[in-house]
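Worksheet: the structure to be examined is printed underneath.
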Amino acid sequence: MSNRRQFLTRFIVGSLGATGLGSFFLSGKDKPSIAQSSPKESHILSETPDQTFEGSPIRIATLSDLNGPYGTTAYRKEVRQGIAHILQGKPDLVLCGGDMIAGQKRGLTRQQLEAMWASFDRVVAAPLRQANIPFLFTFGNHDASNSRDRQGNFNFASDRQAAADYWNAHSANHASPRLTWLNTSQYPFFWSAKFDDIFLLSWDASGFRLQGEHQKLAWEALKSPIAQQASHRIMLGHLPLFAVAKGRNTAGAILANSQYLLTELQRHKVDLYISGHHHAYFLGRSQNLDLLHLGNAGDGSRSLLVGDRPAGQTLTWVDAINNPGQFSYTTIDLKTGQAIPLEAVPGQITGFDGRTISRYS
Ligand SMILES: [Fe+2]
């Protein structure tokens with residue numbers, strides 16, 4: 001084991017020992033455990049290792065799929081517990097994988113859509129805003145579906161308008177002196193930004209077809225020196241690149257041309273792709289790219305395609321550790337407050353398309 005690796009292991013084990021994982025409701029000054037899974041071997045290790053471990057990691061809370069049944073303004077208790085857990089954990093940043101409200105039903109009125117966003121604001125956004133915890137997101141199909149009819153018009157144009165109106169009026173949800181916007185030309189559907197030295201990009205993966213324009217914008221943004229020189233590169237998209245869950249093992253539930261997109265993300269040195277939609281937590285890895293499939297916080301938890309782990313709501317702590325491109329992860333079962341060991345999920349999952357994703361290691 002190299003000195004760097006030994007130092008990293010000590011750092012993580014020490015943090016685990018210091019904070020523990022037992023309590024769901026942590027005291028105000030305590031933070032959730034720094035790591036449940038070992039960090040991957042770095043692919044861009046610094047040559048000045050001892051200096052790179054100074055200071056705190058950037059702690060990011062990630063959650064997804066908060067919605068209940070179509071049209072509801074209610075959030076189930078696991079969503080509220082998840083927000084309470086985040087408030088107690090005091091992350092630097094929250095990233096959401098989409099499906100914040102329960103839209104995507106024909107006939108929902110503007111008034112109903114506004115009521116759902118108002119409820120999201122009350123239950124999710126306002127408590128974080130008041131705690132000065134910035135919140136960034138990608139849209140899901142229940143927020144702002146990008147599906148189109150044969151003429152090319154959006155099937156849920158009113159959902160998209162209401163979602164854009166809410167976010168354009170609530171930039172305070174993102175507010176942080178540590179956040180620098182880079183490309184907001186298509187905000188809130190596509191955006192890129194830096195948080196400290198972490199590059200962040202969200203594209204509109206609210207349906208299986210990505211807009212060509214968003215792909216072009218994404219590759220341009222990722223190629224830029226500001227992205228390539230960032231310490232970590234994170235992308236957010238609601239639909240994943242691999243099928244992992246029962247009931248989501250279909251072409252419509254992952255991004256079209258996923259293998260091509262995966263290769264492009266790797267070629268552009270993305271370190272982490274965060275997705276939702278499958279309602280089942282699975283942390284995968286392909287070459288140097290971590291693929292975090294977030295579980296849901298709202299209704300409709302699903303089982304993974306492999307194994308017998310019971311379905312259930314989760315959220316995941318992502319710590320951008322002080323080593324470029326590396327993260328450590330802790331996923332919490334929102335019913336019990338306990339961390340889910342990485343080994344509780346299967347080592348590999350093969351989807352309908354014959355493509356296999358391996359567990360992070
Ligand atoms: Fe979804």
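Letters for chains follow the order of the structure tokens (A, B, ...), residue numbers begin at 1 for each chain, and ligand numbers begin at 1 in the order shown.
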Return as a short mmCIF file (atom, residue, chain, number, x, y, z; two decimals) with C-alpha atoms, in the first residue's frame every polymer residue, whether protein, DNA or RNA, with at least one atom no more than 8 Å from an atom of ligand 1; count only C-alpha atoms and all ligand atoms.
data_model
loop_
_atom_site.label_atom_id
_atom_site.label_comp_id
_atom_site.auth_asym_id
_atom_site.auth_seq_id
_atom_site.Cartn_x
_atom_site.Cartn_y
_atom_site.Cartn_z
CA ASP A 65 -37.61 10.95 -6.63
CA GLY A 98 -35.23 14.91 -10.07
CA ASP A 99 -38.92 14.11 -9.63
CA GLY A 140 -37.23 14.37 -13.75
CA ASN A 141 -40.15 13.21 -15.85
CA HIS A 142 -42.59 14.20 -13.09
CA SER A 206 -36.19 13.73 -17.94
CA HIS A 238 -32.61 11.84 -14.11
CA LEU A 239 -32.42 8.75 -16.31
CA GLY A 276 -32.61 8.71 -10.25
CA HIS A 277 -35.81 7.33 -11.78
CA HIS A 278 -35.19 3.65 -10.96
#
Any chance you could list, as a count of residues only, the residues in stretch 33-166 of chain A that come up alpha helix (DSSP H) when DSSP is run on the backbone? 47
Would you kindly return, as a list in words, each protein, DNA or RNA residue with an atom no farther than 6 Å from any atom of A:Ser192, considering only C-alpha atoms and excluding same-chain residues fewer than 4 positions away? Leu182, Asn183, Leu200 and Leu201 of chain A
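Take the candidates A:Ala243, A:Ala221, A:Ala164, A:Met116 and check each one against A:Ser202 using only C-alpha atoms; the shortest distance goes to A:Ala221.
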What's around A:Ala251 at 10 Å? Count only C-alpha atoms, leave out sequence neighbours fewer than 4 positions away in its own chain, and write the answer as a ChimeraX atom specification. /A:208,242-243,255-258,351-353
Atoms to include: N, CA and C atoms. Write the selected residues as an mmCIF file, in the first residue's frame.
data_model
loop_
_atom_site.group_PDB
_atom_site.id
_atom_site.type_symbol
_atom_site.label_atom_id
_atom_site.label_comp_id
_atom_site.auth_asym_id
_atom_site.auth_seq_id
_atom_site.Cartn_x
_atom_site.Cartn_y
_atom_site.Cartn_z
ATOM 1 N N PHE A 208 -36.056 9.501 -22.136
ATOM 2 C CA PHE A 208 -34.927 8.695 -22.628
ATOM 3 C C PHE A 208 -34.168 9.353 -23.761
ATOM 4 N N PHE A 242 -27.602 2.767 -17.123
ATOM 5 C CA PHE A 242 -27.768 1.315 -17.008
ATOM 6 C C PHE A 242 -29.110 1.034 -16.342
ATOM 7 N N ALA A 243 -29.719 -0.086 -16.735
ATOM 8 C CA ALA A 243 -30.947 -0.542 -16.060
ATOM 9 C C ALA A 243 -30.539 -1.318 -14.816
ATOM 10 N N LEU A 255 -31.251 6.120 -20.687
ATOM 11 C CA LEU A 255 -31.017 7.032 -21.805
ATOM 12 C C LEU A 255 -30.742 6.257 -23.089
ATOM 13 N N ALA A 256 -31.303 6.733 -24.189
ATOM 14 C CA ALA A 256 -31.010 6.144 -25.497
ATOM 15 C C ALA A 256 -29.512 6.320 -25.789
ATOM 16 N N ASN A 257 -28.972 5.403 -26.508
ATOM 17 C CA ASN A 257 -27.526 5.427 -26.852
ATOM 18 C C ASN A 257 -26.650 5.475 -25.603
ATOM 19 N N SER A 258 -27.046 4.705 -24.612
ATOM 20 C CA SER A 258 -26.345 4.766 -23.325
ATOM 21 C C SER A 258 -24.872 4.390 -23.434
ATOM 22 N N GLY A 351 -28.632 -5.707 -17.462
ATOM 23 C CA GLY A 351 -29.945 -5.204 -17.843
ATOM 24 C C GLY A 351 -30.497 -5.860 -19.089
ATOM 25 N N PHE A 352 -31.666 -5.379 -19.507
ATOM 26 C CA PHE A 352 -32.383 -5.932 -20.668
ATOM 27 C C PHE A 352 -31.540 -5.892 -21.942
ATOM 28 N N ASP A 353 -30.625 -4.923 -21.988
ATOM 29 C CA ASP A 353 -29.837 -4.727 -23.213
ATOM 30 C C ASP A 353 -28.540 -5.539 -23.194
#
Which residues come within 7 Å of A:Ala280, counting only C-alpha atoms, excluding same-chain residues fewer than 6 positions away, as a list in words? Ala245, Leu294, Gly295, Asn296, Ser301, Arg302, Ser303, Leu304 and Ala311 of chain A
In terms of only C-alpha atoms, the residue from A:Arg359, A:His174, A:Arg267, A:Arg233 at minimal distance from A:Val306 is A:Arg359
Please provide the set of residues having any atom within 10 Å of A:Asp299, restricted to only C-alpha atoms, with same-chain residues fewer than 2 positions apart removed, written as a PyMOL selection string. chain A and resi 65-69+75-76+78-79+279+296-297+301-302+312-313
As number ranges by chain, please: all residues of stretch 164-301 of chain A that backbone DSSP puts in strand (DSSP E). A: 179-183, 191-195, 198-202, 232-236, 272-275, 282-286, 289-293
Go ahead and write the selection's residues with N, CA and C atoms as a compact mmCIF listing (two decimals), in the first residue's frame.
# COMPACT_ATOMS: atom_id res chain seq x y z
N LEU A 179 -20.67 29.16 -5.04
CA LEU A 179 -21.20 28.70 -6.32
C LEU A 179 -20.92 29.72 -7.42
N THR A 180 -20.35 29.27 -8.53
CA THR A 180 -20.13 30.13 -9.69
C THR A 180 -20.85 29.50 -10.88
N TRP A 181 -21.81 30.20 -11.43
CA TRP A 181 -22.50 29.68 -12.61
C TRP A 181 -21.60 29.79 -13.83
N LEU A 182 -21.67 28.81 -14.71
CA LEU A 182 -20.87 28.84 -15.93
C LEU A 182 -21.78 29.01 -17.15
N ASN A 183 -22.66 28.05 -17.41
CA ASN A 183 -23.57 28.17 -18.54
C ASN A 183 -25.01 28.06 -18.03
N TRP A 191 -27.67 23.27 -17.19
CA TRP A 191 -26.82 24.30 -16.59
C TRP A 191 -25.47 23.68 -16.24
N SER A 192 -24.46 24.52 -16.13
CA SER A 192 -23.19 24.08 -15.57
C SER A 192 -22.71 25.13 -14.59
N ALA A 193 -21.92 24.70 -13.64
CA ALA A 193 -21.49 25.60 -12.56
C ALA A 193 -20.27 25.00 -11.88
N LYS A 194 -19.65 25.80 -11.05
CA LYS A 194 -18.62 25.28 -10.16
C LYS A 194 -19.02 25.56 -8.73
N PHE A 195 -18.82 24.58 -7.87
CA PHE A 195 -19.00 24.78 -6.43
C PHE A 195 -17.64 24.54 -5.81
N ILE A 198 -15.32 22.07 -7.63
CA ILE A 198 -16.05 20.95 -8.24
C ILE A 198 -16.86 21.46 -9.42
N PHE A 199 -16.66 20.83 -10.57
CA PHE A 199 -17.45 21.17 -11.76
C PHE A 199 -18.75 20.36 -11.73
N LEU A 200 -19.86 21.05 -11.99
CA LEU A 200 -21.18 20.41 -11.97
C LEU A 200 -21.91 20.70 -13.27
N LEU A 201 -22.61 19.70 -13.77
CA LEU A 201 -23.39 19.90 -15.00
C LEU A 201 -24.67 19.08 -14.90
N SER A 202 -25.79 19.69 -15.27
CA SER A 202 -27.06 18.98 -15.33
C SER A 202 -27.62 19.08 -16.73
N HIS A 232 -13.02 17.83 -9.21
CA HIS A 232 -13.98 16.75 -9.42
C HIS A 232 -14.98 17.20 -10.49
N ARG A 233 -15.44 16.26 -11.29
CA ARG A 233 -16.46 16.56 -12.31
C ARG A 233 -17.68 15.67 -12.05
N ILE A 234 -18.81 16.32 -11.78
CA ILE A 234 -20.06 15.60 -11.47
C ILE A 234 -21.11 15.98 -12.50
N MET A 235 -21.81 14.98 -13.02
CA MET A 235 -22.95 15.24 -13.91
C MET A 235 -24.22 14.69 -13.27
N LEU A 236 -25.31 15.40 -13.52
CA LEU A 236 -26.63 14.99 -13.03
C LEU A 236 -27.57 14.78 -14.20
N LEU A 272 -18.25 11.34 -11.79
CA LEU A 272 -19.47 10.81 -11.15
C LEU A 272 -20.69 11.24 -11.94
N TYR A 273 -21.53 10.25 -12.30
CA TYR A 273 -22.84 10.53 -12.90
C TYR A 273 -23.90 10.12 -11.89
N ILE A 274 -24.75 11.08 -11.53
CA ILE A 274 -25.81 10.85 -10.54
C ILE A 274 -27.14 10.80 -11.25
N SER A 275 -27.89 9.73 -11.03
CA SER A 275 -29.19 9.58 -11.67
C SER A 275 -30.24 9.15 -10.64
N PHE A 282 -28.15 1.91 -6.20
CA PHE A 282 -27.05 1.04 -6.63
C PHE A 282 -25.88 1.95 -6.97
N LEU A 283 -24.75 1.67 -6.37
CA LEU A 283 -23.54 2.44 -6.65
C LEU A 283 -22.64 1.58 -7.55
N GLY A 284 -22.50 2.02 -8.78
CA GLY A 284 -21.72 1.26 -9.76
C GLY A 284 -20.47 2.00 -10.18
N ARG A 285 -19.70 1.32 -10.96
CA ARG A 285 -18.48 1.94 -11.47
C ARG A 285 -18.15 1.33 -12.83
N SER A 286 -17.72 2.17 -13.75
CA SER A 286 -17.28 1.70 -15.06
C SER A 286 -15.99 2.45 -15.38
N LEU A 289 -15.32 6.01 -13.94
CA LEU A 289 -16.57 6.75 -13.73
C LEU A 289 -17.44 6.05 -12.67
N ASP A 290 -17.77 6.79 -11.62
CA ASP A 290 -18.72 6.28 -10.63
C ASP A 290 -20.13 6.57 -11.14
N LEU A 291 -21.01 5.60 -10.95
CA LEU A 291 -22.40 5.75 -11.41
C LEU A 291 -23.31 5.55 -10.20
N LEU A 292 -23.79 6.66 -9.66
CA LEU A 292 -24.62 6.60 -8.47
C LEU A 292 -26.09 6.61 -8.87
N HIS A 293 -26.72 5.44 -8.75
CA HIS A 293 -28.16 5.33 -8.99
C HIS A 293 -28.83 5.59 -7.65
